[in-house]
Amino acid sequence: MRVGTVRVGQTRMAAEERDGRWYALDVPPGTPLEAVLAGGLGTVRTAGLGTAGTGGLGAAGIGGLGAVGTTGALDGAVPVRPLRPGKIVAIGLNYLDHIREAGMDKPERPLIFAKFPSSVIGPGEPIVIDAGLTERVDWEVELAAVIGTPLRNASEDEALAGVAGYTVANDVSARDLQFADGQWTRGKSLDTFCPLGPVIVTPDELGDPQALKLWTRVNGETVQDSSTAEMLFGVAELLAFCSRAFTLEPGDVVLTGTPWGCGEFMNPRRSLRPGDTVEVGVEGIGTLVNPVTEGAR
């Protein structure tokens with residue numbers, strides 16, 4: 001099942017994507033997707049099409065609620081930011097090829113940092129660079145796990161079972177701020193520095209999260225091209241590790257690291273510039289495209 005949030009006119013709604021068309025989910029208008037995920041996708045119907053992801057008649061929706069005022073495909077639907085995470089947990093140095101290119105030692109345990117939810121944007125929205133604040137802005141394609149069930153002290157099996165779905169993330173990074181500060185939060189959390197989307201794909205449809213190709217293209221040039229098989233700590237281990245320290249809640253997003261090919265570690269070093277277009281993608285999910293612009297926040 002492939003779900004997201006779309007804008008139709010001035011209205012945003014949770015929807016399912018099938019064969020390039022969007023269908024409203026059978027929840028009250030304005031219900032954010034994170035609330036739908038918390039309620040369980042298996043009980044939600046697509047308006048006029050039965051249980052989401054099945055095409056049959058299925059259940060009566062969350063709480064037996066009726067359809068969202070539309071049937072069939074949504075005309076003019078534009079995918080936007082799929083959800084507003086409660087928190088964004090990110091993992092550094094988690095790909096073996098990235099560790100090699102950075103010339104660093106393997107972490108003994110997952111290296112955790114945070115990105116602020118205010119950094120999230122959706123497909124097509126601009127990554128805005130404030131030239132008075134940063135001059136070294138980098139790209140990082142990542143597989144992002146979206147939490148559907150509260151996780152606390154979870155085993156690896158329980159952690160994977162608690163994933164509602166996966167999406168594509170670009171962990172945009174102001175390297176000059178990141179390395180100057182000595183901790184990463186500011187350089188990773190500038191507004192517009194966490195594109196997410198274009199859809200969230202459920203685990204049953206996506207398959208093994210440790211066997212997915214992922215890539216980045218800048219202005220059409222491939223700069224990252226790897227596989228989630230390169231992860232040092234797999235998704236299940238990461239989520240279980242995080243849940244030992246803090247509760248992962250429905251709608252939280254966990255970024256699982258980036259592979260080789262970051263501009264900061266190229267020779268000569270490369271950074272994003274206004275006018276660039278960044279495409280990040282993960283096999284089985286899709287490609288997230290964002291232009292780069294200049295402007296003070």
# chains A, B, ... in the order shown; residues from 1 in each chain; ligands from 1

$ residues_around --residues "Glu17 in chain A" --least-positions-apart "6" --cutoff "8 Å" --atoms "only C-alpha atoms" --output "PDB file with N, CA and C atoms, in the first residue's frame"
ATOM      1  N   MET A   1       0.846  -1.195   0.000  1.00  0.00           N
ATOM      2  CA  MET A   1       0.000   0.000   0.000  1.00  0.00           C
ATOM      3  C   MET A   1       0.876   1.238   0.000  1.00  0.00           C
ATOM      4  N   ARG A   2       0.464   2.251  -0.765  1.00  0.00           N
ATOM      5  CA  ARG A   2       1.228   3.484  -0.913  1.00  0.00           C
ATOM      6  C   ARG A   2       0.316   4.642  -0.509  1.00  0.00           C
ATOM      7  N   VAL A   3       0.679   5.343   0.565  1.00  0.00           N
ATOM      8  CA  VAL A   3      -0.164   6.417   1.072  1.00  0.00           C
ATOM      9  C   VAL A   3       0.641   7.704   1.189  1.00  0.00           C
ATOM     10  N   GLY A   4      -0.074   8.797   1.289  1.00  0.00           N
ATOM     11  CA  GLY A   4       0.566  10.088   1.436  1.00  0.00           C
ATOM     12  C   GLY A   4      -0.462  11.151   1.733  1.00  0.00           C
ATOM     13  N   TYR A  23      -6.443   8.438  -4.359  1.00  0.00           N
ATOM     14  CA  TYR A  23      -7.797   8.162  -3.898  1.00  0.00           C
ATOM     15  C   TYR A  23      -7.885   8.554  -2.420  1.00  0.00           C
ATOM     16  N   VAL A 199       5.763   9.301  -1.193  1.00  0.00           N
ATOM     17  CA  VAL A 199       4.731   8.455  -0.596  1.00  0.00           C
ATOM     18  C   VAL A 199       5.346   7.678   0.557  1.00  0.00           C
TER      19      VAL A 199
END

$ atom_distance --atom1 "CA of Gly281 in chain A" --atom2 "CA of Asp171 in chain A"
12.4 Å

$ closest_atom_pairs --of "range 152-204 of chain A" --to "range 110-123 of chain A" --cutoff "7 Å" --atoms "only C-alpha atoms" --output "CSV"
residue,atom,partner,partner_atom,distance
A:Trp184,CA,A:Phe113,CA,6.8
A:Thr185,CA,A:Ala114,CA,5.9
A:Lys188,CA,A:Lys115,CA,5.9
A:Ser189,CA,A:Lys115,CA,4.9
A:Leu190,CA,A:Ser119,CA,5.8
A:Asp191,CA,A:Ser119,CA,4.2
A:Thr192,CA,A:Ser119,CA,4.7
A:Phe193,CA,A:Ser119,CA,5.1
A:Cys194,CA,A:Val120,CA,4.5
A:Pro195,CA,A:Ile121,CA,4.7
A:Leu196,CA,A:Gly122,CA,5.4
A:Gly197,CA,A:Gly122,CA,6.1
A:Pro198,CA,A:Pro123,CA,5.9

$ atom_distance --atom1 "CA of Ala211 in chain A" --atom2 "CA of Asn170 in chain A"
19.0 Å

$ atom_distance --atom1 "CA of Arg100 in chain A" --atom2 "CA of Val137 in chain A"
20.8 Å

$ residues_around --residues "Met231 in chain A" --least-positions-apart "3" --cutoff "8 Å" --atoms "only C-alpha atoms" --output "MDAnalysis selection string"
chainID A and resid 94:96 210 228 234 257

$ residues_around --residues "range 222-227 of chain A" --least-positions-apart "5" --cutoff "8 Å" --atoms "only C-alpha atoms" --output "ChimeraX atom specification"
/A:141,210-217,259-262
